[in-house]
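Enquirer: Structure supplied as my_file.pdb; contents: PDB, N, CA and C atoms.
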ATOM      1  N   MET A  34     -12.341 -13.696   4.741
ATOM      2  CA  MET A  34     -11.362 -12.638   4.890
ATOM      3  C   MET A  34     -10.378 -12.646   3.737
ATOM      4  N   ALA A  35     -10.214 -13.798   3.102
ATOM      5  CA  ALA A  35      -9.290 -13.872   1.974
ATOM      6  C   ALA A  35      -9.871 -13.131   0.786
ATOM      7  N   GLY A  36      -9.007 -12.447   0.060
ATOM      8  CA  GLY A  36      -9.445 -11.733  -1.126
ATOM      9  C   GLY A  36      -9.837 -10.296  -0.877
ATOM     10  N   THR A  37      -9.852  -9.840   0.369
ATOM     11  CA  THR A  37     -10.179  -8.439   0.630
ATOM     12  C   THR A  37      -8.903  -7.608   0.560
ATOM     13  N   SER A  38      -9.057  -6.423   0.062
ATOM     14  CA  SER A  38      -7.889  -5.549  -0.068
ATOM     15  C   SER A  38      -7.620  -4.844   1.261
ATOM     16  N   LEU A  39      -6.437  -4.288   1.360
ATOM     17  CA  LEU A  39      -6.054  -3.562   2.570
ATOM     18  C   LEU A  39      -6.935  -2.336   2.760
ATOM     19  N   GLY A  40      -7.252  -1.650   1.663
ATOM     20  CA  GLY A  40      -8.114  -0.475   1.755
ATOM     21  C   GLY A  40      -9.514  -0.816   2.225
ATOM     22  N   GLY A  41     -10.040  -1.959   1.776
ATOM     23  CA  GLY A  41     -11.370  -2.384   2.211
ATOM     24  C   GLY A  41     -11.405  -2.721   3.691
ATOM     25  N   ARG A  42     -10.364  -3.405   4.150
ATOM     26  CA  ARG A  42     -10.288  -3.729   5.582
ATOM     27  C   ARG A  42     -10.158  -2.467   6.424
ATOM     28  N   LEU A  43      -9.340  -1.513   5.964
ATOM     29  CA  LEU A  43      -9.165  -0.259   6.691
ATOM     30  C   LEU A  43     -10.482   0.513   6.741
ATOM     31  N   TYR A  44     -11.202   0.541   5.633
ATOM     32  CA  TYR A  44     -12.487   1.233   5.584
ATOM     33  C   TYR A  44     -13.478   0.610   6.565
ATOM     34  N   ARG A  45     -13.526  -0.733   6.629
ATOM     35  CA  ARG A  45     -14.441  -1.399   7.573
ATOM     36  C   ARG A  45     -14.057  -1.106   9.021
ATOM     37  N   GLN A  46     -12.766  -1.073   9.310
ATOM     38  CA  GLN A  46     -12.343  -0.768  10.680
ATOM     39  C   GLN A  46     -12.710   0.662  11.063
ATOM     40  N   ILE A  47     -12.574   1.580  10.137
ATOM     41  CA  ILE A  47     -12.936   2.974  10.423
ATOM     42  C   ILE A  47     -14.443   3.110  10.612
ATOM     43  N   LYS A  48     -15.215   2.358   9.827
ATOM     44  CA  LYS A  48     -16.667   2.403  10.000
ATOM     45  C   LYS A  48     -17.071   1.861  11.370
ATOM     46  N   ARG A  49     -16.392   0.811  11.835
ATOM     47  CA  ARG A  49     -16.724   0.232  13.143
ATOM     48  C   ARG A  49     -16.187   1.075  14.295
ATOM     49  N   HIS A  50     -15.008   1.658  14.118
ATOM     50  CA  HIS A  50     -14.346   2.403  15.196
ATOM     51  C   HIS A  50     -13.958   3.791  14.684
ATOM     52  N   PRO A  51     -14.850   4.770  14.739
ATOM     53  CA  PRO A  51     -14.524   6.100  14.213
ATOM     54  C   PRO A  51     -13.451   6.821  15.030
ATOM     55  N   GLU A  52     -13.147   6.347  16.237
ATOM     56  CA  GLU A  52     -12.098   6.982  17.031
ATOM     57  C   GLU A  52     -10.705   6.725  16.450
ATOM     58  N   LEU A  53     -10.599   5.863  15.452
ATOM     59  CA  LEU A  53      -9.313   5.616  14.793
ATOM     60  C   LEU A  53      -8.953   6.706  13.782
ATOM     61  N   ILE A  54      -9.914   7.532  13.395
ATOM     62  CA  ILE A  54      -9.679   8.540  12.354
ATOM     63  C   ILE A  54      -8.566   9.519  12.746
ATOM     64  N   PRO A  55      -8.558  10.103  13.964
ATOM     65  CA  PRO A  55      -7.452  11.018  14.299
ATOM     66  C   PRO A  55      -6.096  10.316  14.321
ATOM     67  N   MET A  56      -6.049   9.105  14.844
ATOM     68  CA  MET A  56      -4.784   8.386  14.910
ATOM     69  C   MET A  56      -4.238   8.104  13.509
ATOM     70  N   ILE A  57      -5.095   7.652  12.606
ATOM     71  CA  ILE A  57      -4.656   7.348  11.244
ATOM     72  C   ILE A  57      -4.237   8.624  10.522
ATOM     73  N   SER A  58      -4.961   9.707  10.747
ATOM     74  CA  SER A  58      -4.594  10.955  10.070
ATOM     75  C   SER A  58      -3.263  11.493  10.586
ATOM     76  N   PHE A  59      -2.990  11.393  11.898
ATOM     77  CA  PHE A  59      -1.702  11.850  12.422
ATOM     78  C   PHE A  59      -0.553  10.967  11.957
ATOM     79  N   ILE A  60      -0.788   9.682  11.826
ATOM     80  CA  ILE A  60       0.245   8.786  11.311
ATOM     81  C   ILE A  60       0.554   9.135   9.860
ATOM     82  N   CYS A  61      -0.475   9.376   9.064
ATOM     83  CA  CYS A  61      -0.269   9.756   7.660
ATOM     84  C   CYS A  61       0.442  11.100   7.555
ATOM     85  N   LEU A  62       0.080  12.045   8.412
ATOM     86  CA  LEU A  62       0.730  13.351   8.413
ATOM     87  C   LEU A  62       2.217  13.209   8.771
ATOM     88  N   GLY A  63       2.523  12.397   9.759
ATOM     89  CA  GLY A  63       3.920  12.181  10.147
ATOM     90  C   GLY A  63       4.721  11.499   9.061
ATOM     91  N   MET A  64       4.132  10.501   8.418
ATOM     92  CA  MET A  64       4.845   9.809   7.341
ATOM     93  C   MET A  64       5.056  10.739   6.142
ATOM     94  N   GLY A  65       4.074  11.545   5.829
ATOM     95  CA  GLY A  65       4.222  12.496   4.730
ATOM     96  C   GLY A  65       5.281  13.550   5.023
ATOM     97  N   SER A  66       5.292  14.045   6.265
ATOM     98  CA  SER A  66       6.293  15.036   6.645
ATOM     99  C   SER A  66       7.698  14.443   6.603
ATOM    100  N   ALA A  67       7.846  13.210   7.065
ATOM    101  CA  ALA A  67       9.154  12.565   7.025
ATOM    102  C   ALA A  67       9.621  12.351   5.588
ATOM    103  N   GLY A  68       8.707  11.974   4.709
ATOM    104  CA  GLY A  68       9.063  11.797   3.305
ATOM    105  C   GLY A  68       9.482  13.103   2.651
ATOM    106  N   LEU A  69       8.748  14.176   2.932
ATOM    107  CA  LEU A  69       9.113  15.474   2.364
ATOM    108  C   LEU A  69      10.442  15.973   2.916
ATOM    109  N   TYR A  70      10.715  15.706   4.190
ATOM    110  CA  TYR A  70      11.988  16.114   4.780
ATOM    111  C   TYR A  70      13.152  15.350   4.146
ATOM    112  N   LEU A  71      12.975  14.058   3.914
ATOM    113  CA  LEU A  71      14.023  13.284   3.247
ATOM    114  C   LEU A  71      14.240  13.772   1.818
ATOM    115  N   LEU A  72      13.175  14.129   1.139
ATOM    116  CA  LEU A  72      13.295  14.668  -0.207
ATOM    117  C   LEU A  72      14.032  15.999  -0.188
ATOM    118  N   ARG A  73      13.747  16.838   0.786
ATOM    119  CA  ARG A  73      14.440  18.121   0.923
ATOM    120  C   ARG A  73      15.923  17.901   1.196
ATOM    121  N   LEU A  74      16.241  16.951   2.082
ATOM    122  CA  LEU A  74      17.647  16.664   2.364
ATOM    123  C   LEU A  74      18.368  16.147   1.126
ATOM    124  N   ALA A  75      17.697  15.324   0.348
ATOM    125  CA  ALA A  75      18.331  14.734  -0.827
ATOM    126  C   ALA A  75      18.561  15.769  -1.921
ATOM    127  N   LEU A  76      17.686  16.769  -2.034
ATOM    128  CA  LEU A  76      17.792  17.715  -3.135
ATOM    129  C   LEU A  76      18.517  19.007  -2.782
ATOM    130  N   LYS A  77      18.460  19.442  -1.537
ATOM    131  CA  LYS A  77      18.994  20.754  -1.180
ATOM    132  C   LYS A  77      20.288  20.706  -0.363
ATOM    133  N   SER A  78      20.665  19.575   0.163
ATOM    134  CA  SER A  78      21.820  19.499   1.048
ATOM    135  C   SER A  78      23.123  19.495   0.252
ATOM    136  N   PRO A  79      24.144  20.256   0.694
ATOM    137  CA  PRO A  79      25.424  20.219  -0.014
ATOM    138  C   PRO A  79      26.204  18.934   0.268
ATOM    139  N   ASP A  80      25.745  18.119   1.211
ATOM    140  CA  ASP A  80      26.433  16.876   1.537
ATOM    141  C   ASP A  80      26.103  15.750   0.568
ATOM    142  N   VAL A  81      25.043  15.915  -0.229
ATOM    143  CA  VAL A  81      24.607  14.860  -1.139
ATOM    144  C   VAL A  81      25.077  15.191  -2.549
ATOM    145  N   CYS A  82      25.736  14.245  -3.194
ATOM    146  CA  CYS A  82      26.239  14.444  -4.556
ATOM    147  C   CYS A  82      25.556  13.439  -5.478
ATOM    148  N   TRP A  83      24.695  13.928  -6.386
ATOM    149  CA  TRP A  83      23.985  13.057  -7.317
ATOM    150  C   TRP A  83      24.724  12.923  -8.641
ATOM    151  N   ASP A  84      25.540  13.916  -9.001
ATOM    152  CA  ASP A  84      26.218  13.929 -10.299
ATOM    153  C   ASP A  84      27.720  13.796 -10.079
ATOM    154  N   ARG A  85      28.252  12.590 -10.153
ATOM    155  CA  ARG A  85      29.663  12.366  -9.890
ATOM    156  C   ARG A  85      30.544  12.667 -11.103
ATOM    157  N   LYS A  86      29.989  12.619 -12.295
ATOM    158  CA  LYS A  86      30.812  12.811 -13.495
ATOM    159  C   LYS A  86      31.195  14.277 -13.690
ATOM    160  N   ASN A  87      30.223  15.175 -13.574
ATOM    161  CA  ASN A  87      30.500  16.587 -13.840
ATOM    162  C   ASN A  87      31.125  17.307 -12.655
ATOM    163  N   ASN A  88      30.828  16.868 -11.448
ATOM    164  CA  ASN A  88      31.352  17.539 -10.266
ATOM    165  C   ASN A  88      31.608  16.498  -9.179
ATOM    166  N   PRO A  89      32.750  15.803  -9.222
ATOM    167  CA  PRO A  89      32.969  14.723  -8.267
ATOM    168  C   PRO A  89      33.190  15.189  -6.829
ATOM    169  N   GLU A  90      33.626  16.430  -6.631
ATOM    170  CA  GLU A  90      33.871  16.937  -5.280
ATOM    171  C   GLU A  90      33.174  18.285  -5.096
ATOM    172  N   PRO A  91      31.857  18.282  -4.870
ATOM    173  CA  PRO A  91      31.124  19.560  -4.794
ATOM    174  C   PRO A  91      31.491  20.388  -3.570
ATOM    175  N   TRP A  92      32.048  19.785  -2.540
ATOM    176  CA  TRP A  92      32.394  20.536  -1.335
ATOM    177  C   TRP A  92      33.569  21.466  -1.597
ATOM    178  N   ASN A  93      34.329  21.246  -2.673
ATOM    179  CA  ASN A  93      35.435  22.142  -2.988
ATOM    180  C   ASN A  93      34.954  23.456  -3.591
ATOM    181  N   ARG A  94      33.705  23.525  -4.033
ATOM    182  CA  ARG A  94      33.158  24.774  -4.564
ATOM    183  C   ARG A  94      32.834  25.765  -3.465
ATOM    184  N   LEU A  95      32.668  25.299  -2.236
ATOM    185  CA  LEU A  95      32.290  26.188  -1.141
ATOM    186  C   LEU A  95      33.513  26.955  -0.657
ATOM    187  N   SER A  96      33.378  28.262  -0.575
ATOM    188  CA  SER A  96      34.471  29.067  -0.028
ATOM    189  C   SER A  96      34.383  29.047   1.497
ATOM    190  N   PRO A  97      35.443  29.447   2.183
ATOM    191  CA  PRO A  97      35.396  29.447   3.651
ATOM    192  C   PRO A  97      34.333  30.366   4.233
ATOM    193  N   ASN A  98      33.868  31.342   3.455
ATOM    194  CA  ASN A  98      32.862  32.287   3.948
ATOM    195  C   ASN A  98      31.437  31.820   3.704
ATOM    196  N   ASP A  99      31.234  30.758   2.927
ATOM    197  CA  ASP A  99      29.888  30.252   2.661
ATOM    198  C   ASP A  99      29.316  29.607   3.906
ATOM    199  N   GLN A 100      28.056  29.937   4.192
ATOM    200  CA  GLN A 100      27.378  29.336   5.336
ATOM    201  C   GLN A 100      26.520  28.186   4.838
ATOM    202  N   TYR A 101      26.804  26.980   5.278
ATOM    203  CA  TYR A 101      26.025  25.822   4.872
ATOM    204  C   TYR A 101      25.445  25.085   6.066
ATOM    205  N   LYS A 102      25.683  25.577   7.258
ATOM    206  CA  LYS A 102      25.066  25.030   8.463
ATOM    207  C   LYS A 102      24.248  26.121   9.130
ATOM    208  N   VAL A 103      23.268  25.714   9.915
ATOM    209  CA  VAL A 103      22.432  26.671  10.624
ATOM    210  C   VAL A 103      23.247  27.242  11.778
ATOM    211  N   PRO A 104      23.331  28.566  11.887
ATOM    212  CA  PRO A 104      24.108  29.157  12.990
ATOM    213  C   PRO A 104      23.413  28.941  14.327
ATOM    214  N   HIS A 105      24.212  28.794  15.359
ATOM    215  CA  HIS A 105      23.672  28.650  16.709
ATOM    216  C   HIS A 105      23.266  30.025  17.238
ATOM    217  N   PRO A 106      22.189  30.073  18.009
ATOM    218  CA  PRO A 106      21.792  31.366  18.575
ATOM    219  C   PRO A 106      22.806  31.820  19.630
ATOM    220  N   GLN A 107      22.961  33.109  19.721
ATOM    221  CA  GLN A 107      23.893  33.664  20.696
ATOM    222  C   GLN A 107      23.295  33.567  22.094
ATOM    223  N   LEU A 108      24.056  32.996  22.996
ATOM    224  CA  LEU A 108      23.599  32.893  24.385
ATOM    225  C   LEU A 108      23.928  34.158  25.137
ATOM    226  N   PRO A 109      23.040  34.596  26.049
ATOM    227  CA  PRO A 109      23.314  35.837  26.805
ATOM    228  C   PRO A 109      24.390  35.643  27.837
TER     229      PRO A 109
END
Using the file provided, produce a representation of the structure as structure tokens.
Expert:
Amino acid sequence: MAGTSLGGRLYRQIKRHPELIPMISFICLGMGSAGLYLLRLALKSPDVCWDRKNNPEPWNRLSPNDQYKVPHPQLP
């Protein structure tokens, strides 16, 4: 068992147990979605400041009329 890579072990397990394929694919899909969501939050959110030298307080650029949160739906 020593000297085998993680990919080789995973491949052998999938060959022996093909019912693991949906579980592994859903886990990979969830991890990929979580990574993309974190990337979106880091790049598009007004709460994150990557450039402190040129704009140390980016929240001061927002006027009171700017919408930066998702509005709540109106209840009947």
Enquirer: Enumerate, as a PyMOL selection string, the complete set of residues in segment 42-101 of chain A that a backbone-based DSSP assignment places in helix (DSSP H, G or I).
Expert: chain A and resi 42-49+53-77+91-94
Enquirer: In Å to one decimal, how far is atom CA of Ser58 of chain A from atom CA of Leu71 of chain A?
Expert: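 These atoms are spaced 20.0 Å apart.
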Enquirer: To one decimal place in Å, what is the distance between atom N of Pro55 of chain A and atom N of Arg42 of chain A?
Expert: 16.8 Å
Enquirer: One decimal, Å: what's the distance from atom CA of Leu53 of chain A over to atom CA of Leu72 of chain A, could you say?
Expert: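 Computing the Euclidean distance for atom CA of Leu53 of chain A and atom CA of Leu72 of chain A yields 28.6 Å.
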Enquirer: Please enclose the listed atoms of segment 91-102 of chain A in an axis-aligned box, pad each side by 5 Å, and write out the centre and the three edge lengths in Å, rounded to one decimal, as AutoDock Vina command-line options.
Expert:
--center_x 29.8 --center_y 25.3 --center_z 2.1 --size_x 21.2 --size_y 24.0 --size_z 24.0
